[in-house]
$ cat entry.cif   # mmCIF, C-alpha atoms and all ligand atoms
data_upload
loop_
_atom_site.label_atom_id
_atom_site.label_comp_id
_atom_site.auth_asym_id
_atom_site.auth_seq_id
_atom_site.Cartn_x
_atom_site.Cartn_y
_atom_site.Cartn_z
CA MET A 1 0.00 0.00 0.00
CA ARG A 2 1.28 3.48 -0.94
CA THR A 3 1.03 6.31 1.57
CA LEU A 4 -0.17 9.77 0.61
CA ASP A 5 0.17 12.69 3.03
CA LEU A 6 -2.69 14.97 2.05
CA PHE A 7 -2.93 18.44 3.62
CA VAL A 8 -6.13 20.39 2.97
CA PHE A 9 -6.20 24.11 3.71
CA ILE A 10 -9.68 25.60 4.24
CA ASP A 11 -9.51 29.39 4.51
CA ALA A 12 -11.30 30.83 7.57
CA MET A 13 -12.65 27.50 8.90
CA GLY A 14 -12.68 28.59 12.55
CA TRP A 15 -12.78 26.17 15.45
CA ASP A 16 -16.16 27.56 16.58
CA ILE A 17 -17.90 26.67 13.29
CA VAL A 18 -16.26 23.22 13.21
CA GLU A 19 -17.61 22.53 16.70
CA LYS A 20 -21.02 24.04 16.00
CA ASN A 21 -21.47 22.01 12.79
CA GLN A 22 -19.71 18.93 14.20
CA ALA A 23 -17.70 18.94 11.00
CA PHE A 24 -15.27 16.15 10.05
CA ALA A 25 -16.15 14.05 13.12
CA TRP A 26 -14.50 11.10 11.35
CA LEU A 27 -11.10 12.83 11.51
CA ASP A 28 -10.70 11.82 15.12
CA ALA A 29 -7.04 10.92 15.70
CA TYR A 30 -6.20 14.56 16.39
CA ARG A 31 -8.58 17.53 16.70
CA ALA A 32 -7.42 20.84 18.12
CA PRO A 33 -8.20 24.56 18.12
CA ALA A 34 -5.13 26.47 16.90
CA ARG A 35 -4.13 30.02 17.81
CA THR A 36 -3.94 32.27 14.81
CA ILE A 37 -1.43 35.12 14.26
CA LEU A 38 -2.61 38.72 14.24
CA GLY A 39 -3.18 39.68 10.62
CA TYR A 40 -5.01 38.37 7.58
CA SER A 41 -4.57 35.44 5.19
CA SER A 42 -1.65 37.41 3.73
CA THR A 43 0.03 36.87 7.12
CA CYS A 44 -1.21 33.43 8.12
CA VAL A 45 -0.66 31.45 4.90
CA PRO A 46 3.06 32.41 4.68
CA SER A 47 3.43 31.39 8.37
CA ILE A 48 1.79 28.00 7.75
CA LEU A 49 3.90 27.32 4.65
CA SER A 50 7.19 28.39 6.26
CA GLY A 51 6.81 27.83 10.02
CA MET A 52 7.99 31.43 10.45
CA LEU A 53 6.55 34.52 12.12
CA PRO A 54 5.68 37.63 10.04
CA GLN A 55 8.89 39.44 11.07
CA GLU A 56 10.86 36.46 9.68
CA HIS A 57 9.04 35.82 6.39
CA GLY A 58 8.27 39.54 5.89
CA HIS A 59 4.56 39.30 4.97
CA TRP A 60 1.95 40.97 7.16
CA THR A 61 -0.76 43.05 5.49
CA LEU A 62 -1.20 43.36 1.72
CA PHE A 63 -0.05 47.00 1.54
CA GLN A 64 3.17 48.34 3.03
CA ARG A 65 5.14 51.56 2.76
CA ALA A 66 7.11 51.68 -0.49
CA GLN A 67 10.85 51.09 -0.18
CA GLY A 68 12.04 53.28 -3.05
CA THR A 69 9.73 53.47 -6.07
CA SER A 70 6.47 51.61 -5.54
CA SER A 71 5.37 49.01 -8.08
CA LEU A 72 1.97 50.79 -7.87
CA ALA A 73 3.44 54.26 -8.63
CA PRO A 74 2.18 54.44 -12.28
CA LEU A 75 -1.39 54.17 -10.93
CA HIS A 76 -0.93 57.40 -8.96
CA LYS A 77 -1.78 59.25 -12.19
CA LEU A 78 -5.35 57.91 -11.95
CA ARG A 79 -6.02 59.99 -8.81
CA ARG A 80 -7.72 62.63 -10.97
CA LEU A 81 -10.35 60.17 -12.24
CA PRO A 82 -13.90 61.02 -11.12
CA LYS A 83 -14.57 59.08 -7.89
CA SER A 84 -17.73 57.47 -9.30
CA PHE A 85 -15.58 55.85 -12.02
CA GLY A 86 -12.23 55.27 -10.25
CA GLU A 87 -13.90 53.63 -7.25
CA HIS A 88 -16.39 51.53 -9.19
CA HIS A 89 -15.94 47.86 -8.22
CA ARG A 90 -16.08 46.61 -11.83
CA PHE A 91 -13.39 49.05 -12.97
CA ARG A 92 -11.25 48.18 -9.94
CA ARG A 93 -11.57 44.44 -10.64
CA TRP A 94 -10.63 44.89 -14.30
CA LEU A 95 -7.73 47.22 -13.42
CA SER A 96 -6.39 44.83 -10.75
CA LYS A 97 -6.25 42.00 -13.31
CA ALA A 98 -4.76 44.10 -16.08
CA TYR A 99 -2.23 45.91 -13.89
CA GLY A 100 -1.16 42.70 -12.09
CA ARG A 101 -0.28 41.20 -15.50
CA TYR A 102 1.44 44.41 -16.68
CA ALA A 103 3.54 44.71 -13.48
CA GLY A 104 4.48 40.99 -13.54
CA ILE A 105 2.87 40.32 -10.15
CA GLU A 106 2.52 36.53 -9.79
CA GLY A 107 0.94 36.43 -6.33
CA TYR A 108 -2.68 37.07 -5.39
CA PHE A 109 -3.21 40.69 -6.46
CA ASP A 110 -6.04 43.12 -5.78
CA LEU A 111 -6.02 46.91 -5.52
CA TYR A 112 -9.00 46.70 -3.15
CA ALA A 113 -10.21 50.22 -2.33
CA LEU A 114 -6.76 51.82 -1.99
CA ASP A 115 -6.99 55.44 -3.08
CA PHE A 116 -4.99 56.18 -6.25
CA GLY A 117 -3.53 59.19 -4.40
CA LYS A 118 -1.82 56.77 -1.95
CA MET A 119 -0.26 54.58 -4.62
CA LYS A 120 3.12 56.26 -4.86
CA ASP A 121 3.67 55.96 -1.09
CA PHE A 122 2.58 52.35 -0.70
CA ASP A 123 3.53 49.08 -2.33
CA TYR A 124 1.98 45.62 -2.62
CA THR A 125 3.37 42.86 -0.38
CA GLU A 126 2.51 39.60 -2.15
CA LYS A 127 4.18 40.17 -5.51
CA GLN A 128 5.34 36.58 -5.80
CA ASN A 129 3.41 33.32 -5.91
CA ILE A 130 4.10 31.93 -2.45
CA PHE A 131 3.06 28.43 -3.61
CA SER A 132 5.73 28.34 -6.30
CA VAL A 133 9.12 26.80 -5.58
CA SER A 134 11.04 29.24 -7.73
CA GLN A 135 9.40 32.50 -6.64
CA THR A 136 9.01 32.87 -2.90
CA CYS A 137 11.38 35.17 -1.07
CA PHE A 138 11.21 33.00 2.05
CA PRO A 139 11.76 29.23 2.36
CA THR A 140 8.58 27.13 2.27
CA ILE A 141 7.57 23.50 2.59
CA PHE A 142 7.50 23.30 -1.23
CA GLN A 143 11.18 24.19 -1.44
CA LYS A 144 11.91 21.50 1.13
CA LEU A 145 10.00 18.92 -0.95
CA ASP A 146 11.85 20.07 -4.03
CA GLU A 147 15.25 19.88 -2.33
CA LYS A 148 14.50 16.37 -1.11
CA LYS A 149 13.30 15.39 -4.60
CA ILE A 150 9.99 14.15 -3.21
CA PRO A 151 7.25 13.87 -5.84
CA TYR A 152 4.41 16.12 -4.66
CA TRP A 153 1.39 18.02 -5.91
CA CYS A 154 0.03 21.46 -4.96
CA ALA A 155 -3.32 22.93 -6.04
CA ASP A 156 -3.27 25.95 -8.31
CA TRP A 157 -5.00 28.70 -6.26
CA LYS A 158 -6.11 30.41 -9.49
CA LYS A 159 -8.39 27.44 -10.27
CA SER A 160 -11.73 26.60 -8.63
CA GLU A 161 -12.00 24.21 -5.70
CA GLU A 162 -13.76 21.62 -7.89
CA GLU A 163 -10.95 21.84 -10.47
CA GLY A 164 -8.39 21.41 -7.67
CA VAL A 165 -9.94 18.12 -6.53
CA ALA A 166 -10.20 16.86 -10.14
CA SER A 167 -6.53 17.75 -10.80
CA LEU A 168 -5.40 15.90 -7.67
CA ARG A 169 -7.30 12.77 -8.73
CA LYS A 170 -5.77 12.99 -12.21
CA ARG A 171 -2.27 13.56 -10.86
CA LEU A 172 -2.45 10.52 -8.57
CA LYS A 173 -3.54 8.36 -11.47
CA GLU A 174 -0.83 9.63 -13.80
CA ALA A 175 1.98 9.82 -11.22
CA PRO A 176 1.47 7.12 -8.61
CA ALA A 177 4.90 7.99 -7.13
CA CYS A 178 3.33 11.14 -5.64
CA ARG A 179 3.61 10.98 -1.86
CA TRP A 180 2.57 14.44 -0.61
CA ALA A 181 -0.23 16.79 -1.66
CA PHE A 182 -1.66 20.19 -0.71
CA LEU A 183 -5.26 21.10 -1.57
CA TYR A 184 -6.30 24.74 -1.28
CA PHE A 185 -9.93 25.67 -0.54
CA PRO A 186 -10.40 29.48 -0.34
CA ARG A 187 -14.15 29.84 -0.95
CA LEU A 188 -15.46 29.55 2.60
CA ASP A 189 -13.70 32.81 3.52
CA GLY A 190 -15.56 34.82 0.86
CA LEU A 191 -18.91 33.22 1.75
CA MET A 192 -18.53 34.16 5.40
CA HIS A 193 -17.38 37.69 4.60
CA ARG A 194 -20.60 38.12 2.62
CA HIS A 195 -23.09 36.26 4.82
CA GLY A 196 -21.38 36.13 8.22
CA PRO A 197 -20.26 32.93 9.97
CA GLN A 198 -23.71 31.36 9.49
CA GLY A 199 -22.96 31.29 5.73
CA ALA A 200 -20.53 28.37 6.29
CA THR A 201 -22.83 25.38 6.77
CA LEU A 202 -23.50 24.31 3.18
CA ARG A 203 -19.91 24.70 2.01
CA LEU A 204 -18.59 22.84 5.06
CA TYR A 205 -20.87 19.98 4.10
CA TRP A 206 -19.43 20.03 0.56
CA TYR A 207 -15.84 19.95 1.88
CA GLU A 208 -16.64 17.07 4.17
CA GLU A 209 -18.41 14.97 1.52
CA THR A 210 -15.77 15.75 -1.12
CA LEU A 211 -12.89 14.70 1.12
CA ARG A 212 -14.73 11.61 2.37
CA GLU A 213 -15.37 10.50 -1.21
CA LEU A 214 -11.81 11.31 -2.28
CA THR A 215 -10.18 9.33 0.53
CA ARG A 216 -12.57 6.40 -0.03
CA ASP A 217 -11.71 6.27 -3.75
CA LEU A 218 -7.98 6.58 -3.08
CA LYS A 219 -8.16 3.75 -0.55
CA ALA A 220 -9.85 1.58 -3.18
CA GLN A 221 -6.95 2.41 -5.53
CA GLY A 222 -4.40 1.18 -2.97
CA TRP A 223 -3.51 4.39 -1.15
CA GLU A 224 -3.29 4.85 2.57
CA VAL A 225 -4.28 8.52 3.01
CA ARG A 226 -2.94 10.43 6.00
CA LEU A 227 -5.33 13.38 5.88
CA THR A 228 -4.89 16.70 7.71
CA VAL A 229 -7.43 19.53 7.40
CA MET A 230 -6.34 22.94 8.64
CA SER A 231 -7.25 26.61 8.56
CA ASP A 232 -5.56 29.96 9.11
CA HIS A 233 -8.10 31.83 11.25
CA GLY A 234 -11.83 32.01 12.00
CA MET A 235 -14.50 34.60 11.19
CA THR A 236 -16.00 37.12 13.61
CA PRO A 237 -19.52 38.51 13.11
CA ILE A 238 -19.46 42.30 12.63
CA HIS A 239 -21.66 44.26 15.03
CA ARG A 240 -20.34 47.82 14.68
CA HIS A 241 -18.79 50.12 12.09
CA VAL A 242 -16.44 52.93 13.14
CA GLU A 243 -14.90 55.77 11.19
CA ILE A 244 -11.31 56.67 12.03
CA PRO A 245 -11.21 60.40 12.89
CA THR A 246 -9.83 62.62 10.13
CA LEU A 247 -6.50 64.14 11.10
CA ASP A 248 -6.11 66.77 8.39
CA GLY A 249 -7.26 70.20 9.53
CA THR A 250 -8.76 69.39 12.94
CA ALA A 251 -5.62 67.93 14.47
CA GLY A 252 -3.46 70.43 12.55
CA LEU A 253 -1.77 67.64 10.61
CA ARG A 254 -1.17 67.25 6.89
CA TRP A 255 -1.14 63.98 4.95
CA GLY A 256 2.27 63.34 3.37
CA GLU A 257 4.00 66.04 5.44
CA ASP A 258 3.22 65.05 9.00
CA TYR A 259 1.99 61.50 8.62
CA LEU A 260 0.91 58.64 6.34
CA ALA A 261 -1.81 56.13 7.20
CA LEU A 262 -3.38 52.94 5.89
CA TYR A 263 -6.69 51.56 7.06
CA ASP A 264 -7.23 47.80 6.95
CA ALA A 265 -10.58 46.39 8.07
CA THR A 266 -9.42 46.02 11.67
CA LEU A 267 -6.14 47.94 11.82
CA ALA A 268 -5.27 51.62 11.42
CA ARG A 269 -1.54 51.89 10.72
CA TYR A 270 0.42 55.15 10.92
CA TRP A 271 3.83 56.44 9.88
CA PHE A 272 4.95 59.60 11.69
CA LEU A 273 6.89 61.88 9.36
CA ARG A 274 7.39 64.60 12.01
CA PRO A 275 7.93 63.98 15.74
CA GLN A 276 4.91 66.08 16.87
CA ALA A 277 2.56 63.95 14.73
CA ARG A 278 3.02 60.88 16.94
CA GLU A 279 1.60 62.48 20.05
CA ARG A 280 -1.37 64.11 18.30
CA ILE A 281 -2.34 60.98 16.35
CA MET A 282 -2.01 58.67 19.33
CA GLU A 283 -4.03 61.10 21.43
CA SER A 284 -6.82 61.15 18.79
CA LEU A 285 -7.44 57.41 19.35
CA SER A 286 -6.49 57.05 23.00
CA HIS A 287 -9.91 57.51 24.57
CA VAL A 288 -12.17 55.68 22.11
CA ASP A 289 -14.19 52.64 23.19
CA PHE A 290 -13.66 50.54 20.05
CA GLY A 291 -10.00 49.47 20.13
CA HIS A 292 -6.49 50.08 21.42
CA TRP A 293 -2.93 50.85 20.32
CA LEU A 294 -0.90 47.64 20.12
CA THR A 295 1.65 47.53 22.93
CA ARG A 296 5.29 46.50 22.49
CA ALA A 297 4.51 43.24 24.27
CA GLU A 298 1.67 42.45 21.82
CA ILE A 299 3.79 43.39 18.80
CA SER A 300 6.58 41.15 19.97
CA ARG A 301 4.21 38.27 20.89
CA GLU A 302 2.67 38.31 17.39
CA GLY A 303 6.09 38.41 15.70
CA LEU A 304 5.54 41.87 14.17
CA CYS A 305 8.91 43.51 14.97
CA PHE A 306 9.84 44.70 11.48
CA GLU A 307 13.16 46.53 11.61
CA ASP A 308 12.29 48.98 8.83
CA ASN A 309 8.74 49.79 10.10
CA ARG A 310 7.46 49.11 6.58
CA TYR A 311 4.01 48.25 8.01
CA GLY A 312 3.81 51.33 10.24
CA ASP A 313 5.30 53.10 13.26
CA ALA A 314 2.19 52.43 15.37
CA TYR A 315 -0.83 50.14 14.98
CA PHE A 316 -4.35 50.66 16.29
CA LEU A 317 -6.45 47.45 16.49
CA THR A 318 -10.25 47.46 16.77
CA ASN A 319 -12.11 45.26 19.25
CA PRO A 320 -13.52 41.93 17.96
CA GLY A 321 -16.58 42.60 15.78
CA VAL A 322 -15.77 46.28 15.14
CA LEU A 323 -15.05 47.13 11.50
CA ILE A 324 -13.18 50.23 10.32
CA HIS A 325 -15.43 51.66 7.64
CA PRO A 326 -14.55 53.23 5.31
CA ASN A 327 -11.17 51.52 4.89
CA ASP A 328 -8.61 50.89 2.15
CA MET A 329 -9.59 47.23 1.70
CA GLY A 330 -13.21 47.39 0.53
CA GLN A 331 -16.18 49.60 -0.18
CA ASN A 332 -19.01 47.31 0.94
CA PRO A 333 -18.78 46.43 4.62
CA PRO A 334 -18.74 42.63 5.12
CA LEU A 335 -20.92 40.82 7.68
CA GLY A 336 -17.97 38.75 8.88
CA MET A 337 -14.31 39.72 9.28
CA HIS A 338 -11.04 38.36 10.68
CA GLY A 339 -7.84 40.10 11.74
CA PHE A 340 -8.94 40.80 15.32
CA ASP A 341 -7.11 39.87 18.52
CA PRO A 342 -6.05 36.20 18.11
CA ALA A 343 -7.44 35.50 21.61
CA ASP A 344 -10.99 36.27 20.37
CA ILE A 345 -13.02 33.05 20.35
CA HIS A 346 -14.11 33.54 16.71
CA SER A 347 -10.50 34.04 15.55
CA THR A 348 -9.30 30.57 16.51
CA ALA A 349 -8.17 28.34 13.64
CA THR A 350 -8.52 24.56 13.31
CA ILE A 351 -6.44 21.45 12.77
CA LEU A 352 -7.94 17.97 12.30
CA SER A 353 -5.98 14.89 11.31
CA ASN A 354 -5.87 11.12 11.08
CA HIS A 355 -2.07 11.34 11.03
CA PRO A 356 -0.81 9.09 13.85
CA GLU A 357 2.02 11.49 14.75
CA ALA A 358 -0.03 14.73 14.77
CA HIS A 359 -0.48 14.85 18.53
CA SER A 360 3.16 14.22 19.38
CA VAL A 361 4.27 16.89 16.86
CA LEU A 362 1.70 19.60 17.69
CA GLY A 363 0.61 18.97 21.30
CA GLU A 364 -2.61 20.29 22.87
CA THR A 365 -2.32 23.99 22.00
CA PRO A 366 -0.74 24.51 18.59
CA ARG A 367 -0.36 27.83 16.80
CA ILE A 368 -0.84 27.95 13.03
CA ASP A 369 2.90 28.31 12.26
CA ASP A 370 3.37 24.92 14.01
CA PHE A 371 1.47 23.24 11.14
CA TYR A 372 4.66 23.48 9.10
CA ARG A 373 6.33 21.02 11.50
CA LEU A 374 3.61 18.44 10.87
CA MET A 375 3.87 18.93 7.10
CA ALA A 376 7.66 18.50 7.32
CA THR A 377 7.36 15.48 9.64
CA ALA A 378 5.11 13.84 7.09
CA LEU A 379 7.76 14.04 4.38
CA PRO A 380 8.54 10.54 3.17
CA PRO A 381 12.22 9.60 2.77
CA SER A 382 13.68 11.30 -0.28
CA VAL A 383 15.01 9.37 -3.25
CA ALA A 384 18.57 10.02 -2.01
CA GLU A 385 17.70 8.82 1.51
CA THR A 386 16.03 5.68 0.15
CA LYS A 387 19.17 4.96 -1.84
CA ARG A 388 21.24 5.47 1.30
CA ILE A 389 19.05 3.02 3.19
CA TYR A 390 18.75 0.28 0.58
CA THR A 391 21.87 0.59 -1.54
CA PRO A 392 25.00 0.55 0.63
CA SER A 393 28.16 1.71 -1.08
CA ARG A 394 30.81 -0.79 -2.26
CA GLN A 395 33.04 0.19 0.64
CA GLU A 396 30.21 -0.28 3.13
CA LEU A 397 29.46 -3.75 1.66
CA ARG A 398 33.14 -4.69 1.93
CA SER A 399 33.41 -3.62 5.56
CA GLN A 400 30.14 -5.39 6.37
CA ALA A 401 31.49 -8.59 4.73
CA LEU A 402 34.75 -8.34 6.69
CA HIS A 403 32.80 -7.72 9.90
CA LEU A 404 30.57 -10.77 9.25
CA ALA A 405 33.58 -12.97 8.44
CA ALA A 406 35.36 -11.86 11.63
CA SER A 407 32.31 -12.43 13.83
CA SER A 408 31.55 -15.86 12.36
CA GLN A 409 35.23 -16.85 12.90
CA ALA A 410 34.99 -15.60 16.49
CA SER A 411 31.77 -17.50 17.18
CA ALA A 412 33.23 -20.68 15.58
CA SER A 413 36.27 -20.51 17.84
CA SER A 414 34.11 -19.75 20.90
CA ARG A 415 31.92 -22.80 20.02
CA LYS A 416 35.12 -24.88 19.83
CA GLU A 417 36.19 -23.50 23.22
CA ALA A 418 32.79 -24.38 24.70
CA SER A 419 32.80 -27.94 23.29
CA ARG A 420 36.10 -28.63 24.97
ZN ZN A 501 -10.91 36.85 4.42
#

$ encode --input "entry.cif" --output "structure tokens" --more "lines below"
Ligand SMILES: [Zn+2]
Amino acid sequence: MRTLDLFVFIDAMGWDIVEKNQAFAWLDAYRAPARTILGYSSTCVPSILSGMLPQEHGHWTLFQRAQGTSSLAPLHKLRRLPKSFGEHHRFRRWLSKAYGRYAGIEGYFDLYALDFGKMKDFDYTEKQNIFSVSQTCFPTIFQKLDEKKIPYWCADWKKSEEEGVASLRKRLKEAPACRWAFLYFPRLDGLMHRHGPQGATLRLYWYEETLRELTRDLKAQGWEVRLTVMSDHGMTPIHRHVEIPTLDGTAGLRWGEDYLALYDATLARYWFLRPQARERIMESLSHVDFGHWLTRAEISREGLCFEDNRYGDAYFLTNPGVLIHPNDMGQNPPLGMHGFDPADIHSTATILSNHPEAHSVLGETPRIDDFYRLMATALPPSVAETKRIYTPSRQELRSQALHLAASSQASASSRKEASR
């Protein structure tokens, strides 16, 4: 029987919805809630694939301050477009696709609602395809598989979930040497943004039935499937929208001279260009009831100590369920959001497995970057290692033969001694 280590990533499948829907009850060898890392999928997926914290792999939010000329700088010219046109979601979608191709961006790319006026100051983080062996700027599990020459398969995130499952089936038929696979299911995240966490039930059912059928068929074809299902974070229902106070004019500050700012759905991030701006900006959000400035201890705990402050000089995080609106990441406020305090019950991610070693590798309270260790543990011996195990060198064979000859001579003489 051939063994396949199959890892299935389901975006935003929080522990609370797994419990509530009693999902994947048949994956019972190891089931655990997993602490997420403060950020979004742009933070969590790199941590899962590399086992690193954001400050090590360098990816936190999708927009960061430009280091030199921004790859988005040519779009700054579009700031004079009438708002009704430049902010229209259809135009934005078309432009994101066209510009991503033009700029050679291979990773997941979206301009979201970022104002064209901000595009010379800020750059896009995920320019490379983090699932590709040749492109990532940090080491991932795929590079490890490649180095060890282990035949593996990874879903193409640009294809649908249904196409991903069909490609895996095809690959296993065509290349039965495949020993490791990674399926990527991103749709649940979008459904829950639109409909809130209650929008998960039907899709969860589809995931469960699809994976049950897949493992049953693979078993019938002679595979032993070690299946692990995991997620990056959960989804928190939104109960309040807040507008970040305008700083220009009222606080006596000017954009681009005193400060720069980016507004994610749950984070307001600031760069202080003049020393007096820090105090005024921090004061403007110090007495509100909807969030807090991240402390040094929190920044360090979440692995967000970036030496060049490319993601901001100070970060304001909203309370769970409070959405910054308007923000730079979307025009229509979602009903569900993630990126809140990882300790929030709805933020918790999930790991479920029938892998016999999962518990000893991950323990009772894993964090999502620990998943890498399980993926690496599951690596079967590489071709080179197999050769080392089963094909000893000529010299090794010679020394083994000499050793055997010497020991059989010794035991023959000891038998003679004993018979005397
Ligand atoms: Zn999301």

$ residues_near_ligand --input "entry.cif" --ligand "ligand ZN 501 (chain A)" --cutoff "10 Å" --atoms "all atoms listed in the file" --output "list in words"
Asp11, Ala12, Tyr40, Ser41, Ser42, Pro186, Arg187, Leu188, Asp189, Gly190, Leu191, Met192, His193, Arg194, Asp232, His233, Gly234, Met235, Pro334, Gly336, Met337, His338 and Gly339 of chain A

$ closest_residue --input "entry.cif" --among "A:Thr266, A:Gln55, A:Thr140, A:Thr246" --to "Ile299 of chain A" --atoms "all atoms listed in the file"
A:Gln55

$ closest_atom_pairs --input "entry.cif" --of "segment 99-214 of chain A" --to "segment 75-80 of chain A" --cutoff "12 Å" --atoms "all atoms listed in the file" --output "Markdown table"
| residue | atom | partner | partner_atom | distance |
| --- | --- | --- | --- | --- |
| A:Tyr99 | CA | A:Leu75 | CA | 8.8 |
| A:Gly100 | CA | A:Leu75 | CA | 11.5 |
| A:Tyr102 | CA | A:Leu75 | CA | 11.7 |
| A:Ala103 | CA | A:Leu75 | CA | 11.0 |
| A:Leu111 | CA | A:Leu75 | CA | 10.2 |
| A:Leu114 | CA | A:His76 | CA | 10.7 |
| A:Asp115 | CA | A:Arg79 | CA | 7.4 |
| A:Phe116 | CA | A:Arg79 | CA | 4.7 |
| A:Gly117 | CA | A:Arg79 | CA | 5.1 |
| A:Lys118 | CA | A:His76 | CA | 7.1 |
| A:Met119 | CA | A:His76 | CA | 5.2 |
| A:Lys120 | CA | A:His76 | CA | 5.9 |
| A:Asp121 | CA | A:His76 | CA | 9.2 |
| A:Phe122 | CA | A:His76 | CA | 10.3 |
| A:Asp123 | CA | A:Leu75 | CA | 11.1 |

$ closest_residue --input "entry.cif" --among "A:Glu224, A:Tyr30, A:Lys148, A:Trp94" --to "Val361 of chain A" --atoms "all atoms listed in the file"
A:Tyr30

$ axis_aligned_box --input "entry.cif" --around "segment 155-164 of chain A" --padding-each-side "8 Å" --output "lines of an AutoDock Vina configuration file"
center_x = -8.5
center_y = 25.9
center_z = -8.1
size_x = 26.5
size_y = 25.0
size_z = 20.8

$ residues_near_point --input "entry.cif" --point "(6.1, 43.3, 6.1)" --cutoff "9 Å" --atoms "all atoms listed in the file" --output "list in words"
Thr43, Pro54, Gln55, His57, Gly58, His59, Trp60, Thr61, Leu62, Phe63, Gln64, Arg65, Thr125, Leu304, Phe306, Asp308, Asn309, Arg310 and Tyr311 of chain A

$ closest_residue --input "entry.cif" --among "A:Ser286, A:Thr295, A:Thr201, A:Thr228" --to "Ala32 of chain A" --atoms "only C-alpha atoms"
A:Thr228

$ closest_residue --input "entry.cif" --among "A:Leu4, A:Ile17, A:Ile10, A:Leu260" --to "Gly199 of chain A" --atoms "all atoms listed in the file"
A:Ile17

$ closest_residue --input "entry.cif" --among "A:Phe109, A:Trp157, A:Tyr205, A:Tyr315" --to "Trp271 of chain A" --atoms "only C-alpha atoms"
A:Tyr315

$ atom_distance --input "entry.cif" --atom1 "atom CA of Ile37 of chain A" --atom2 "atom CA of Glu19 of chain A"
20.6 Å

$ residues_around --input "entry.cif" --residues "segment 356-358 of chain A" --least-positions-apart "2" --cutoff "9 Å" --atoms "all atoms listed in the file" --output "VMD selection string"
chain A and resid 29 to 30 226 228 352 to 354 360 to 363 374 377 to 378

$ residues_around --input "entry.cif" --residues "Ile238 of chain A" --least-positions-apart "3" --cutoff "6 Å" --atoms "all atoms listed in the file" --output "list in words"
Gly321, Val322, Leu335 and Gly336 of chain A

$ atom_distance --input "entry.cif" --atom1 "atom CA of Gly291 of chain A" --atom2 "atom CA of Met329 of chain A"
18.6 Å

$ residues_around --input "entry.cif" --residues "Phe290 of chain A" --least-positions-apart "6" --cutoff "10 Å" --atoms "only C-alpha atoms" --output "PDB file with C-alpha atoms, in the frame of the given file"
ATOM      1  CA  ARG A 240     -20.340  47.820  14.680  1.00  0.00           C
ATOM      2  CA  HIS A 241     -18.790  50.120  12.090  1.00  0.00           C
ATOM      3  CA  VAL A 242     -16.440  52.930  13.140  1.00  0.00           C
ATOM      4  CA  LEU A 317      -6.450  47.450  16.490  1.00  0.00           C
ATOM      5  CA  THR A 318     -10.250  47.460  16.770  1.00  0.00           C
ATOM      6  CA  ASN A 319     -12.110  45.260  19.250  1.00  0.00           C
ATOM      7  CA  PRO A 320     -13.520  41.930  17.960  1.00  0.00           C
ATOM      8  CA  GLY A 321     -16.580  42.600  15.780  1.00  0.00           C
ATOM      9  CA  VAL A 322     -15.770  46.280  15.140  1.00  0.00           C
ATOM     10  CA  LEU A 323     -15.050  47.130  11.500  1.00  0.00           C
ATOM     11  CA  ILE A 324     -13.180  50.230  10.320  1.00  0.00           C
TER      12      ILE A 324
END

$ closest_residue --input "entry.cif" --among "A:Ile141, A:Ser132, A:Ser231, A:His287" --to "Ser347 of chain A" --atoms "all atoms listed in the file"
A:Ser231

$ atom_distance --input "entry.cif" --atom1 "atom CA of Glu243 of chain A" --atom2 "atom CA of Tyr108 of chain A"
27.8 Å

$ residues_around --input "entry.cif" --residues "Lys20 of chain A" --least-positions-apart "5" --cutoff "12 Å" --atoms "only C-alpha atoms" --output "list in words"
Met13, Gly14, Trp15, Ala25, Pro197, Gln198, Ala200, Thr201, Leu204 and His346 of chain A

$ residues_around --input "entry.cif" --residues "Arg296 of chain A" --least-positions-apart "5" --cutoff "12 Å" --atoms "only C-alpha atoms" --output "list in words"
Arg301, Glu302, Gly303, Leu304, Cys305, Asp313, Ala314 and Tyr315 of chain A
